[in-house]
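Notes follow the structure.
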Amino acid sequence: MLTAVSAHAFTVTDTAIGNGEITIKTPQAASPADMPTFEVADQRYGRFIPAQAEWKDGAVKLTYESHATLKEQRKNVAWRCSDGTKSYEGDIPFRAVPPGKFPAVGRLKVACVGDSITFGYGIQKTQDKYPEQLQKILGDKFEVGRFGNSAKTAARVKDGVWFGLQREHRQALDFRADLYVSNLGINDTNRGTWDTEKVFADYAELIHAWRGPQGATIMLWTRLAPDFRSVNRAPGFPGNVNPAFDFPLNEMDTATRRPEMEAVCARLAKELHCHAIDMYSPLVNHPENTVGDGLHPNPASAKIIAEQTAKAIRNLWPDK
């Protein structure tokens with residue numbers, strides 16, 4: 001008669017990984033009361049998460065959700081149980097995995113959060129907006145969500161346009177992404193009384209919320225998209241390389257605060273260990289690529305944004 005297994009004595013005779021399941025053979029048996037806790041992970045990306053375990057006929061069957069091929073799973077899936085038994089050697093480089101899921105052998109989730117540029121203001125076709133173009137570039141191993149709201153800010157201001165108060169922020173948190181990419185900051189340059197420390201603290205609050213208990217990776221635009229709006233052919237802000245590109249809109253006093261906002265973003269990236277991305281340089285020579293207002297990207301510039309973002313993501317996950 002087989003002896004019931006305890007959490008301190010688990011013997012393995014063989015392991016087989018199938019599509020979304022792992023079969024662990026053992027000479028022992030268990031009752032629900034003394035079943036050890038099993039977890040699964042991906043040796044490249046994932047932290048361990050609980051697995052569904054069924055004990056039957058001299059084996060434990062673990063099940064998990066997967067979007068990967070069987071070959072990928074057999075190469076990268078790892079498991080362990082509560083007595084310390086391991087199926088791998090060395091440490092796993094932990095990254096974010098939403099609770100109850102196992103996307104590390106399937107799709108990594110990317111949340112694009114921000115203002116009208118992330119929303120895709122002025123772009124008529126959804127597939128032409130930058131998050132949707134990013135999804136196309138990254139392919140089916142990633143799941144990209146778009147959570148943009150026009151005219152919203154990184155800091156709390158009197159008229160209540162702080163991104164943290166918006167429905168899209170709550171939706172982005174519920175998405176529980178592995179990576180959050182934020183373009184916030186442009187609208188802060190012309191909103192209310194400027195206080196660098198307040199802007200820093202309010203943006204930091206958003207970052208901490210996105211990072212969440214899963215420890216998501218954060219990527220911030222530390223150089224913001226260029227503003228080509230001008231009055232009487234004057235630059236809209238210091239560094240506008242094409243002051244002759246004339247638009248009938250006011251420059252909204254972004255001249256002094258844009259560099260300050262970029263400094264805040266750079267400081268946040270450094271102090272809160274976020275990844276920085278420059279979205280000024282790849283767009284600054286394309287003033288023609290707006291929807292006609294001198295600020296919001298058209299599909300061509302949205303594609304450039306998507307390409308720059310995809311490149312940065314590939315640097316984080318080169319094997320994905």
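Chain labels run A, B, ... following the order of the structure tokens; each chain numbers its residues from 1, and ligands are numbered from 1 in the order shown.
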Dump as CSV the rows for residues of stretch 121-178 of chain A within 12 Å of stretch 62-83 of chain A: closest atom pair and distance in Å with one decimal, only C-alpha atoms counted, ordered by chain and rising residue number.
residue,atom,partner,partner_atom,distance
A:Asp140,CA,A:His67,CA,8.8
A:Lys141,CA,A:His67,CA,7.8
A:Phe142,CA,A:His67,CA,10.0
A:Glu143,CA,A:His67,CA,11.0
Please write the residues from the selection above to a file, keeping N, CA and C atoms, as a short mmCIF file (atom, residue, chain, number, x, y, z; two decimals), in the first residue's frame.
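Final output, selection-v4.cif:
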data_model
loop_
_atom_site.label_atom_id
_atom_site.label_comp_id
_atom_site.auth_asym_id
_atom_site.auth_seq_id
_atom_site.Cartn_x
_atom_site.Cartn_y
_atom_site.Cartn_z
N ASP A 140 1.76 37.66 -32.12
CA ASP A 140 0.81 37.02 -31.21
C ASP A 140 1.43 36.51 -29.91
N LYS A 141 2.74 36.70 -29.71
CA LYS A 141 3.34 36.36 -28.41
C LYS A 141 3.14 37.48 -27.40
N PHE A 142 2.58 38.59 -27.84
CA PHE A 142 2.27 39.72 -26.97
C PHE A 142 0.80 40.07 -27.09
N GLU A 143 0.26 40.63 -26.02
CA GLU A 143 -1.10 41.17 -26.02
C GLU A 143 -1.00 42.63 -25.62
#
Close residues, stretch 303-307 of chain A itself excluded, 10 Å, only C-alpha atoms, min 5 positions apart in chain, as an MDAnalysis selection string: chainID A and resid 117:118 128:138 225 278:280 282:283 297:298 312:313
Restricted to C-alpha atoms, what would the selected residues look like written as an mmCIF file, in the first residue's frame?
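Dumped everything to again-v9.cif:
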data_model
loop_
_atom_site.group_PDB
_atom_site.id
_atom_site.type_symbol
_atom_site.label_atom_id
_atom_site.label_comp_id
_atom_site.auth_asym_id
_atom_site.auth_seq_id
_atom_site.Cartn_x
_atom_site.Cartn_y
_atom_site.Cartn_z
ATOM 1 C CA ILE A 117 -1.325 60.322 -28.364
ATOM 2 C CA THR A 118 -1.944 56.926 -26.792
ATOM 3 C CA ASP A 128 -3.651 52.919 -37.421
ATOM 4 C CA LYS A 129 -3.302 54.006 -33.780
ATOM 5 C CA TYR A 130 0.073 53.364 -32.219
ATOM 6 C CA PRO A 131 -0.889 50.595 -29.738
ATOM 7 C CA GLU A 132 -2.650 48.661 -32.497
ATOM 8 C CA GLN A 133 0.357 49.079 -34.777
ATOM 9 C CA LEU A 134 2.562 47.938 -31.892
ATOM 10 C CA GLN A 135 0.447 44.786 -31.563
ATOM 11 C CA LYS A 136 0.951 44.051 -35.263
ATOM 12 C CA ILE A 137 4.722 44.499 -34.997
ATOM 13 C CA LEU A 138 5.134 42.409 -31.836
ATOM 14 C CA ALA A 225 6.887 63.817 -28.719
ATOM 15 C CA ASP A 278 13.113 58.887 -26.271
ATOM 16 C CA MET A 279 10.141 59.680 -28.512
ATOM 17 C CA TYR A 280 11.357 63.141 -29.525
ATOM 18 C CA PRO A 282 12.584 59.790 -34.107
ATOM 19 C CA LEU A 283 9.698 62.237 -34.711
ATOM 20 C CA PRO A 297 0.687 62.011 -34.754
ATOM 21 C CA ASN A 298 -0.953 60.774 -37.919
ATOM 22 C CA ALA A 312 12.681 48.892 -26.668
ATOM 23 C CA ILE A 313 10.471 45.939 -25.719
#
Within stretch 108-320 of chain A, find each residue whose DSSP state, derived from the backbone, is strand (DSSP E or B), and express the selection as number ranges by chain. A: 108-114, 142-148, 153, 162, 179-182, 217-223, 231, 234, 275-278, 290, 297
Go ahead and save the residues from that selection, with N, CA, C and O atoms, as a short mmCIF file (atom, residue, chain, number, x, y, z; two decimals), in the first residue's frame.
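The resulting file, again18.cif, is shown below:
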data_model
loop_
_atom_site.label_atom_id
_atom_site.label_comp_id
_atom_site.auth_asym_id
_atom_site.auth_seq_id
_atom_site.Cartn_x
_atom_site.Cartn_y
_atom_site.Cartn_z
N LEU A 108 2.99 37.89 -23.45
CA LEU A 108 3.30 38.92 -22.48
C LEU A 108 2.38 40.10 -22.74
O LEU A 108 2.14 40.48 -23.88
N LYS A 109 1.87 40.70 -21.66
CA LYS A 109 0.87 41.75 -21.78
C LYS A 109 1.52 43.13 -21.66
O LYS A 109 2.28 43.40 -20.73
N VAL A 110 1.22 43.99 -22.64
CA VAL A 110 1.75 45.35 -22.69
C VAL A 110 0.59 46.33 -22.62
O VAL A 110 -0.30 46.28 -23.47
N ALA A 111 0.60 47.21 -21.62
CA ALA A 111 -0.44 48.24 -21.49
C ALA A 111 0.13 49.58 -21.91
O ALA A 111 1.10 50.06 -21.32
N CYS A 112 -0.44 50.19 -22.94
CA CYS A 112 -0.06 51.53 -23.36
C CYS A 112 -0.99 52.51 -22.64
O CYS A 112 -2.20 52.50 -22.88
N VAL A 113 -0.43 53.31 -21.74
CA VAL A 113 -1.22 54.24 -20.94
C VAL A 113 -0.80 55.67 -21.27
O VAL A 113 0.37 55.93 -21.57
N GLY A 114 -1.76 56.60 -21.21
CA GLY A 114 -1.38 57.97 -21.48
C GLY A 114 -2.50 58.86 -21.95
O GLY A 114 -3.68 58.60 -21.66
N PHE A 142 2.58 38.59 -27.84
CA PHE A 142 2.27 39.72 -26.97
C PHE A 142 0.80 40.07 -27.09
O PHE A 142 0.18 39.84 -28.13
N GLU A 143 0.26 40.63 -26.02
CA GLU A 143 -1.10 41.17 -26.02
C GLU A 143 -1.00 42.63 -25.62
O GLU A 143 -0.60 42.94 -24.49
N VAL A 144 -1.34 43.53 -26.53
CA VAL A 144 -1.21 44.97 -26.29
C VAL A 144 -2.58 45.57 -26.00
O VAL A 144 -3.54 45.34 -26.75
N GLY A 145 -2.67 46.34 -24.94
CA GLY A 145 -3.90 47.05 -24.61
C GLY A 145 -3.70 48.55 -24.71
O GLY A 145 -2.63 49.07 -24.36
N ARG A 146 -4.71 49.27 -25.21
CA ARG A 146 -4.64 50.73 -25.34
C ARG A 146 -5.51 51.37 -24.28
O ARG A 146 -6.72 51.17 -24.23
N PHE A 147 -4.89 52.20 -23.42
CA PHE A 147 -5.60 52.86 -22.34
C PHE A 147 -5.21 54.35 -22.34
O PHE A 147 -4.47 54.83 -21.49
N GLY A 148 -5.70 55.07 -23.35
CA GLY A 148 -5.40 56.48 -23.49
C GLY A 148 -6.64 57.34 -23.30
O GLY A 148 -7.74 56.94 -23.65
N THR A 153 -3.34 64.23 -17.57
CA THR A 153 -2.04 64.64 -17.04
C THR A 153 -1.44 63.59 -16.11
O THR A 153 -2.13 62.72 -15.59
N TRP A 162 -6.27 64.50 -13.93
CA TRP A 162 -5.22 63.54 -13.57
C TRP A 162 -5.59 62.16 -14.10
O TRP A 162 -6.73 61.70 -13.96
N LEU A 179 4.10 44.85 -18.70
CA LEU A 179 4.80 46.09 -19.01
C LEU A 179 3.79 47.20 -19.22
O LEU A 179 2.80 47.02 -19.93
N TYR A 180 4.04 48.36 -18.58
CA TYR A 180 3.24 49.56 -18.80
C TYR A 180 4.12 50.60 -19.49
O TYR A 180 5.22 50.91 -19.02
N VAL A 181 3.64 51.12 -20.63
CA VAL A 181 4.36 52.15 -21.40
C VAL A 181 3.56 53.44 -21.31
O VAL A 181 2.41 53.50 -21.78
N SER A 182 4.14 54.49 -20.72
CA SER A 182 3.40 55.74 -20.49
C SER A 182 4.00 56.89 -21.28
O SER A 182 5.22 57.11 -21.28
N THR A 217 7.02 45.74 -15.18
CA THR A 217 8.04 46.62 -15.73
C THR A 217 7.38 47.91 -16.21
O THR A 217 6.28 47.87 -16.76
N ILE A 218 8.05 49.06 -16.01
CA ILE A 218 7.51 50.36 -16.40
C ILE A 218 8.45 51.01 -17.41
O ILE A 218 9.67 51.02 -17.21
N MET A 219 7.88 51.58 -18.46
CA MET A 219 8.64 52.31 -19.46
C MET A 219 8.03 53.70 -19.62
O MET A 219 6.84 53.83 -19.86
N LEU A 220 8.86 54.74 -19.45
CA LEU A 220 8.37 56.12 -19.52
C LEU A 220 8.98 56.85 -20.71
O LEU A 220 10.16 56.70 -21.01
N TRP A 221 8.15 57.67 -21.37
CA TRP A 221 8.68 58.60 -22.35
C TRP A 221 9.40 59.70 -21.57
O TRP A 221 8.77 60.52 -20.90
N THR A 222 10.71 59.73 -21.62
CA THR A 222 11.47 60.75 -20.90
C THR A 222 11.83 61.92 -21.82
O THR A 222 12.22 62.98 -21.34
N ARG A 223 11.72 61.73 -23.12
CA ARG A 223 11.72 62.84 -24.08
C ARG A 223 10.41 62.74 -24.83
O ARG A 223 10.13 61.74 -25.50
N VAL A 231 3.22 80.13 -33.64
CA VAL A 231 2.48 81.36 -33.90
C VAL A 231 3.42 82.31 -34.62
O VAL A 231 4.53 82.59 -34.17
N ALA A 234 7.01 81.32 -35.14
CA ALA A 234 7.92 81.24 -34.00
C ALA A 234 7.90 79.82 -33.44
O ALA A 234 6.87 79.15 -33.49
N HIS A 275 12.27 52.04 -17.22
CA HIS A 275 13.01 52.13 -18.48
C HIS A 275 12.61 53.41 -19.20
O HIS A 275 11.44 53.75 -19.29
N ALA A 276 13.61 54.12 -19.73
CA ALA A 276 13.38 55.38 -20.42
C ALA A 276 13.34 55.16 -21.92
O ALA A 276 14.06 54.33 -22.46
N ILE A 277 12.47 55.93 -22.59
CA ILE A 277 12.41 55.87 -24.04
C ILE A 277 12.31 57.29 -24.59
O ILE A 277 11.56 58.12 -24.06
N ASP A 278 13.07 57.58 -25.62
CA ASP A 278 13.11 58.89 -26.27
C ASP A 278 12.16 58.86 -27.46
O ASP A 278 12.40 58.15 -28.43
N THR A 290 1.51 64.93 -38.80
CA THR A 290 0.51 65.12 -37.75
C THR A 290 -0.87 65.08 -38.41
O THR A 290 -0.99 65.06 -39.64
N PRO A 297 0.14 62.81 -33.66
CA PRO A 297 0.69 62.01 -34.75
C PRO A 297 -0.40 61.49 -35.68
O PRO A 297 -1.49 61.13 -35.24
#
Between A:Lys25, A:Ala172, A:Gln166, A:Asp188, which one has atoms that come closest to A:Glu262, using only C-alpha atoms?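 Ranking A:Lys25, A:Ala172, A:Gln166, A:Asp188 by distance to A:Glu262, first place goes to A:Asp188.
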Among stretch 29-220 of chain A, which residues carry a DSSP assignment of helix (DSSP H, G or I), reported as a PyMOL selection string? chain A and resi 32-34+70-76+103-105+116-119+126-128+130-138+163-165+167-175+187-190+196-211
